[in-house]
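Engineer: What follows is the file entry36.tsv, containing TSV, C-alpha atoms:
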chain	number	residue	atom	x	y	z
W	17	MET	CA	29.85	3.86	52.76
W	18	SER	CA	27.65	5.48	50.15
W	19	ASP	CA	25.57	3.47	47.67
W	20	ARG	CA	25.41	6.38	45.27
W	21	GLY	CA	26.41	5.41	41.76
W	22	TYR	CA	25.45	1.75	42.18
W	23	ARG	CA	23.56	0.52	39.13
W	24	ARG	CA	21.64	-2.72	39.14
W	25	PRO	CA	21.86	-4.75	35.91
W	26	ARG	CA	18.57	-4.87	34.05
W	27	PRO	CA	16.81	-8.26	34.18
W	28	LEU	CA	16.20	-8.36	30.41
W	29	SER	CA	19.68	-7.22	29.39
W	30	PRO	CA	21.01	-10.75	28.61
W	31	LEU	CA	17.92	-11.51	26.50
W	32	ARG	CA	18.14	-8.20	24.71
W	33	GLU	CA	21.83	-8.68	23.98
W	34	HIS	CA	21.12	-12.18	22.70
W	35	LEU	CA	18.44	-10.87	20.34
W	36	HIS	CA	20.80	-8.14	19.13
W	37	ASP	CA	23.39	-10.76	18.25
W	38	THR	CA	20.95	-12.95	16.30
W	39	PHE	CA	19.59	-12.47	12.81
W	40	TRP	CA	16.45	-14.62	13.02
W	41	PHE	CA	14.25	-12.72	15.48
W	42	ALA	CA	13.43	-9.70	13.29
W	43	PRO	CA	12.50	-11.73	10.16
W	44	THR	CA	10.37	-14.07	12.27
W	45	MET	CA	8.44	-11.16	13.75
W	46	GLY	CA	8.14	-9.75	10.24
W	47	PHE	CA	6.60	-13.00	9.01
W	48	VAL	CA	4.03	-12.96	11.83
W	49	SER	CA	3.22	-9.28	11.27
W	50	VAL	CA	2.80	-9.59	7.51
W	51	PHE	CA	0.59	-12.66	7.94
W	52	VAL	CA	-1.68	-10.70	10.31
W	53	LEU	CA	-1.74	-7.77	7.87
W	54	TRP	CA	-2.67	-10.14	5.06
W	55	LEU	CA	-5.58	-11.56	7.06
W	56	ILE	CA	-6.86	-8.05	7.78
W	57	ALA	CA	-6.46	-6.99	4.14
W	58	ALA	CA	-8.21	-10.15	2.90
W	59	GLU	CA	-11.11	-9.48	5.27
W	60	LEU	CA	-11.37	-5.91	3.98
W	61	ASP	CA	-11.40	-7.17	0.38
W	62	ASP	CA	-14.22	-9.58	1.20
W	63	GLU	CA	-16.21	-6.79	2.84
W	64	ILE	CA	-15.72	-4.51	-0.18
W	65	VAL	CA	-16.97	-7.21	-2.56
W	66	SER	CA	-19.95	-7.96	-0.33
W	67	LEU	CA	-20.81	-4.26	-0.11
W	68	PHE	CA	-20.79	-3.80	-3.89
W	69	GLN	CA	-22.88	-6.93	-4.39
W	70	ARG	CA	-25.45	-5.81	-1.83
W	71	GLU	CA	-25.67	-2.44	-3.54
W	72	GLU	CA	-25.82	-4.22	-6.93
W	73	ALA	CA	-22.99	-1.99	-8.18
W	74	TYR	CA	-21.76	-4.63	-10.60
W	75	ASP	CA	-20.17	-2.17	-13.04
W	76	GLU	CA	-17.96	-0.69	-10.32
W	77	LEU	CA	-17.12	-4.17	-9.08
W	78	ALA	CA	-16.17	-5.22	-12.60
W	79	GLU	CA	-13.73	-2.29	-12.74
W	80	LEU	CA	-12.17	-3.43	-9.46
W	81	ILE	CA	-11.81	-6.95	-10.84
W	82	SER	CA	-10.13	-5.58	-13.95
W	83	PHE	CA	-7.75	-3.52	-11.80
W	84	SER	CA	-6.86	-6.51	-9.64
W	85	GLN	CA	-6.18	-8.63	-12.70
W	86	ASP	CA	-3.81	-5.98	-14.00
W	87	ALA	CA	-2.09	-5.86	-10.61
W	88	LYS	CA	-1.71	-9.65	-10.66
W	89	THR	CA	1.00	-9.33	-13.30
W	90	ILE	CA	2.97	-7.00	-11.02
W	91	VAL	CA	2.49	-9.28	-8.01
W	92	THR	CA	3.67	-12.30	-10.02
W	93	THR	CA	6.78	-10.43	-11.14
W	94	ILE	CA	7.53	-9.37	-7.58
W	95	SER	CA	7.08	-12.92	-6.31
W	96	SER	CA	9.45	-14.41	-8.88
W	97	ALA	CA	12.14	-11.73	-8.62
W	98	MET	CA	12.18	-10.88	-4.91
W	99	MET	CA	13.91	-14.01	-3.63
W	100	THR	CA	16.59	-13.75	-6.32
W	101	PHE	CA	17.08	-10.10	-5.42
W	102	ILE	CA	17.43	-10.98	-1.73
W	103	GLY	CA	19.99	-13.70	-2.45
W	104	VAL	CA	22.14	-11.48	-4.67
W	105	VAL	CA	22.08	-8.45	-2.36
W	106	PHE	CA	22.96	-10.28	0.85
W	107	SER	CA	25.50	-12.58	-0.81
W	108	ILE	CA	27.44	-9.58	-2.10
W	109	SER	CA	27.04	-7.89	1.29
W	110	LEU	CA	28.49	-10.87	3.15
W	111	VAL	CA	31.48	-11.00	0.82
W	112	ALA	CA	32.05	-7.26	1.34
W	113	VAL	CA	31.76	-7.63	5.13
W	114	GLN	CA	34.20	-10.56	5.11
W	115	MET	CA	36.74	-8.53	3.13
W	116	ALA	CA	36.32	-5.55	5.46
W	117	SER	CA	36.74	-7.75	8.55
W	118	GLY	CA	39.99	-9.15	7.13
W	119	GLN	CA	41.40	-5.73	6.25
W	120	LEU	CA	40.13	-3.69	9.23
W	121	THR	CA	38.92	-5.69	12.24
W	122	PRO	CA	36.82	-8.81	12.90
W	123	ARG	CA	34.38	-6.59	14.79
W	124	VAL	CA	32.94	-5.51	11.45
W	125	VAL	CA	31.00	-8.79	11.37
W	126	ARG	CA	29.49	-8.07	14.78
W	127	ILE	CA	28.59	-4.54	13.72
W	128	PHE	CA	26.86	-5.91	10.62
W	129	VAL	CA	24.93	-8.53	12.61
W	130	ARG	CA	23.80	-6.00	15.22
W	131	SER	CA	22.91	-3.34	12.65
W	132	ARG	CA	19.24	-2.38	12.82
W	133	ILE	CA	19.14	-1.33	9.17
W	134	SER	CA	20.47	-4.75	8.07
W	135	LYS	CA	17.81	-6.58	10.05
W	136	LEU	CA	15.06	-4.19	8.95
W	137	THR	CA	16.05	-4.54	5.30
W	138	MET	CA	16.09	-8.33	5.50
W	139	THR	CA	12.73	-8.32	7.30
W	140	VAL	CA	11.01	-6.06	4.76
W	141	PHE	CA	12.46	-7.99	1.80
W	142	LEU	CA	11.30	-11.36	3.15
W	143	ALA	CA	7.94	-9.92	4.21
W	144	THR	CA	7.40	-8.60	0.68
W	145	PHE	CA	8.17	-12.02	-0.78
W	146	LEU	CA	5.84	-13.80	1.66
W	147	LEU	CA	3.03	-11.32	1.08
W	148	SER	CA	3.32	-11.72	-2.68
W	149	LEU	CA	2.79	-15.47	-2.29
W	150	LEU	CA	-0.19	-14.92	-0.01
W	151	VAL	CA	-1.74	-12.40	-2.40
W	152	LEU	CA	-1.34	-14.76	-5.34
W	153	SER	CA	-3.24	-17.39	-3.38
W	154	SER	CA	-6.16	-14.97	-2.99
W	155	TYR	CA	-6.83	-14.56	-6.70
W	156	GLU	CA	-9.85	-16.36	-8.14
W	157	SER	CA	-10.50	-17.60	-11.63
W	158	GLU	CA	-14.07	-16.28	-11.41
W	159	THR	CA	-14.51	-12.86	-13.04
W	160	ASP	CA	-18.30	-12.54	-12.90
W	161	PRO	CA	-19.13	-9.65	-10.52
W	162	ARG	CA	-22.27	-11.48	-9.34
W	163	ARG	CA	-20.44	-14.64	-8.29
W	164	VAL	CA	-16.99	-13.45	-7.29
W	165	VAL	CA	-16.16	-13.85	-3.60
W	166	SER	CA	-12.94	-11.91	-3.11
W	167	VAL	CA	-11.01	-9.33	-5.12
W	168	PRO	CA	-7.46	-8.73	-3.72
W	169	LEU	CA	-7.58	-4.98	-4.06
W	170	VAL	CA	-6.31	-3.91	-0.63
W	171	GLN	CA	-3.80	-6.76	-0.67
W	172	SER	CA	-2.36	-5.56	-3.98
W	173	LEU	CA	-2.04	-2.00	-2.67
W	174	LEU	CA	-0.35	-3.32	0.46
W	175	ILE	CA	2.27	-5.22	-1.48
W	176	LEU	CA	2.96	-2.16	-3.64
W	177	VAL	CA	3.62	-0.20	-0.44
W	178	LEU	CA	6.04	-2.90	0.74
W	179	VAL	CA	7.85	-2.82	-2.61
W	180	GLY	CA	8.30	0.94	-2.26
W	181	MET	CA	9.65	0.47	1.26
W	182	SER	CA	12.02	-2.22	-0.03
W	183	LEU	CA	13.47	0.15	-2.63
W	184	LEU	CA	14.03	2.91	-0.07
W	185	LEU	CA	15.57	0.51	2.44
W	186	PHE	CA	17.84	-0.90	-0.26
W	187	VAL	CA	19.40	2.53	-0.81
W	188	VAL	CA	19.87	3.06	2.94
W	189	TYR	CA	21.23	-0.47	3.36
W	190	VAL	CA	23.84	-0.05	0.63
W	191	SER	CA	24.95	3.24	2.18
W	192	ALA	CA	25.26	1.63	5.64
W	193	THR	CA	27.19	-1.35	4.24
W	194	LEU	CA	29.63	0.92	2.42
W	195	ARG	CA	30.35	2.70	5.71
W	196	LEU	CA	31.54	-0.62	7.15
W	197	MET	CA	34.39	-0.58	4.62
W	198	GLN	CA	35.71	2.79	5.85
W	199	VAL	CA	38.14	3.03	8.75
W	200	GLY	CA	36.66	6.15	10.34
W	201	PRO	CA	33.04	4.99	10.79
W	202	VAL	CA	34.18	1.54	12.00
W	203	VAL	CA	36.53	2.97	14.65
W	204	ASP	CA	33.86	5.46	15.74
W	205	ARG	CA	31.28	2.69	16.08
W	206	ILE	CA	33.65	0.48	18.09
W	207	ALA	CA	34.49	3.38	20.40
W	208	ARG	CA	30.82	4.23	20.99
W	209	ASP	CA	29.97	0.60	21.68
W	210	SER	CA	32.87	0.31	24.12
W	211	PHE	CA	31.79	3.39	26.07
W	212	ARG	CA	28.20	2.13	26.05
W	213	VAL	CA	29.28	-1.21	27.51
W	214	LEU	CA	31.35	0.52	30.17
W	215	GLY	CA	28.35	2.66	31.08
W	216	ARG	CA	26.12	-0.39	31.51
W	217	MET	CA	28.53	-2.26	33.75
W	218	PRO	CA	27.34	-2.51	37.38
W	219	ARG	CA	29.20	-0.21	39.73
W	220	GLY	CA	29.46	-1.13	43.38
W	221	PRO	CA	29.52	1.30	46.30
W	222	ARG	CA	32.82	3.07	46.80
W	223	GLY	CA	34.19	5.92	48.83
W	224	ASP	CA	36.15	8.89	47.64
W	225	ASP	CA	39.20	7.74	49.56
W	226	GLU	CA	39.38	4.57	47.43
W	227	VAL	CA	40.10	6.48	44.23
W	228	GLY	CA	43.80	6.41	43.50
W	229	PRO	CA	45.83	9.08	41.77
W	230	GLU	CA	45.29	9.76	38.09
W	231	THR	CA	47.58	7.60	35.97
W	232	ALA	CA	46.27	8.18	32.47
W	233	ARG	CA	43.73	10.15	30.53
W	234	VAL	CA	41.73	8.99	27.49
W	235	VAL	CA	40.89	11.70	24.97
W	236	TYR	CA	37.78	10.97	22.92
W	237	GLU	CA	35.86	13.22	20.60
Translate the structure described by the file into structure tokens.
Structural biologist:
Amino acid sequence: MSDRGYRRPRPLSPLREHLHDTFWFAPTMGFVSVFVLWLIAAELDDEIVSLFQREEAYDELAELISFSQDAKTIVTTISSAMMTFIGVVFSISLVAVQMASGQLTPRVVRIFVRSRISKLTMTVFLATFLLSLLVLSSYESETDPRRVVSVPLVQSLLILVLVGMSLLLFVVYVSATLRLMQVGPVVDRIARDSFRVLGRMPRGPRGDDEVGPETARVVYE
């Protein structure tokens, strides 16, 4: 009897499926990543200030301090508005998903939970909020270029990049959520997931004589 076609299940498949069905793993990894990025950016800011002070370029350092103070207003606004924005966006999304699951199929909720764009959007939004708090903690009241220790210049640029990413992801996220309310994309996604699950199922050894006559045919495009 031939063993051709037998597929062993992957050892990490249950863990991977569990992580796909959860919504906490991606934001947690985002928190860890943004904290590491903040430490690196803070170290770069300290090195920049030390370099200017060693070179006695106090005029240039004063300009950097002035720029960082101007950016502080933007960072404060982001910090105060980001969590409200996250709550409003995902609250409306959950209501829309609940309505779609009641009108179409309960699998819409599973599609939303397993959606990569939903998890990525949540991760970037929360990472932006966390980074804004960390950047605000890096600001000093000292403005004298000769005595200042750290100027959050790289940190401010980093949070501006995350805000830009958040805006782009918001547009993509809204588009992906609207597709969950349409019958065609939902049925297509369920069909693709079903065929993917069938393809991952372990197949044991079998002979050609064990295949019975054709009883039905599934047409899928």
Engineer: Please check which residues have atoms at most 12 Å from (-17.5, -8.5, 1.1) in the file's coordinates, counting all atoms listed in the file, and write them as a PyMOL selection string.
Structural biologist: chain W and resi 57-71+77+161-169
Engineer: Have a look at W:Tyr155, W:Phe128, W:Phe47, W:Phe39 and name the one nearest to W:Lys88; count all atoms listed in the file.
Structural biologist: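 Of W:Tyr155, W:Phe128, W:Phe47, W:Phe39, the one nearest W:Lys88 is W:Tyr155, counting all atoms listed in the file.
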Engineer: Would you compute the distance between atom CA of W:Gly103 and atom CA of W:Val50? Give it in Å to one decimal.
Structural biologist: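 Computing it gives 20.3 Å between the two atoms.
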Engineer: Take atom CA of W:Leu110 and atom CA of W:Asp209 and report the distance between them in Å, one decimal.
Structural biologist: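 Computing the Euclidean distance for atom CA of W:Leu110 and atom CA of W:Asp209 yields 21.8 Å.
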Engineer: Do a neighbour search on W:Val124 at 9 Å with only C-alpha atoms, toss out local chain neighbours closer than 5 positions, and write the hits as a PDB file with C-alpha atoms, keeping the file's coordinate frame.
Structural biologist:
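Wrote selection-v4.pdb, looks like this:
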ATOM      1  CA  VAL W 113      31.760  -7.630   5.130  1.00  0.00           C
ATOM      2  CA  GLN W 114      34.200 -10.560   5.110  1.00  0.00           C
ATOM      3  CA  ALA W 116      36.320  -5.550   5.460  1.00  0.00           C
ATOM      4  CA  SER W 117      36.740  -7.750   8.550  1.00  0.00           C
ATOM      5  CA  VAL W 129      24.930  -8.530  12.610  1.00  0.00           C
ATOM      6  CA  LEU W 196      31.540  -0.620   7.150  1.00  0.00           C
ATOM      7  CA  MET W 197      34.390  -0.580   4.620  1.00  0.00           C
ATOM      8  CA  VAL W 202      34.180   1.540  12.000  1.00  0.00           C
ATOM      9  CA  ILE W 206      33.650   0.480  18.090  1.00  0.00           C
TER      10      ILE W 206
END
Engineer: Quick one: pull the distance between atom CA of W:Ser154 and atom CA of W:Thr100, Å, one decimal.
Structural biologist: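 Atom-to-atom, atom CA of W:Ser154 and atom CA of W:Thr100 are spaced 23.0 Å apart.
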Engineer: Please determine, counting all atoms listed in the file, which residue among W:Met115, W:Ala73, W:Leu176, W:Leu142 has the shortest atom-to-atom distance to W:Ser49.
Structural biologist: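 Among W:Met115, W:Ala73, W:Leu176, W:Leu142, it is W:Leu142 that comes nearest to W:Ser49.
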Engineer: For W:Thr44, which of W:Thr144, W:Thr139, W:Thr93, W:Ser109 is the closest residue, counting only C-alpha atoms?
Structural biologist: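 Among the listed residues, the smallest separation from W:Thr44 belongs to W:Thr139.
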Engineer: For each of W:Val234, W:Ile81, W:Val179, W:Ala97, take the minimum atom-to-atom distance to W:Ser157, counting all atoms listed in the file, then give the residue where this is smallest.
Structural biologist: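 So, comparing all the options, the nearest one is W:Ile81.
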Engineer: Find the residue from W:Val199, W:Asp160, W:Thr137, W:Arg205 that sits nearest to W:Leu183; use all atoms listed in the file when measuring.
Structural biologist: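 Looking at the shortest contact to W:Leu183, the residue is W:Thr137.
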Engineer: With all atoms listed in the file as the basis for distance, which of W:Thr121, W:Thr38, W:Ser107, W:Ser82 is at the shortest distance from W:Gln198?
Structural biologist: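 Residue with the minimum atom-to-atom distance to W:Gln198: W:Thr121.
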Engineer: At a cut-off of 12 Å, using all atoms listed in the file, what residues contact W:Ile133? Leave out same-chain residues fewer than 5 positions from it and give the result as a VMD selection string.
Structural biologist: chain W and resid 39 42 127 to 128 138 to 141 182 184 to 193
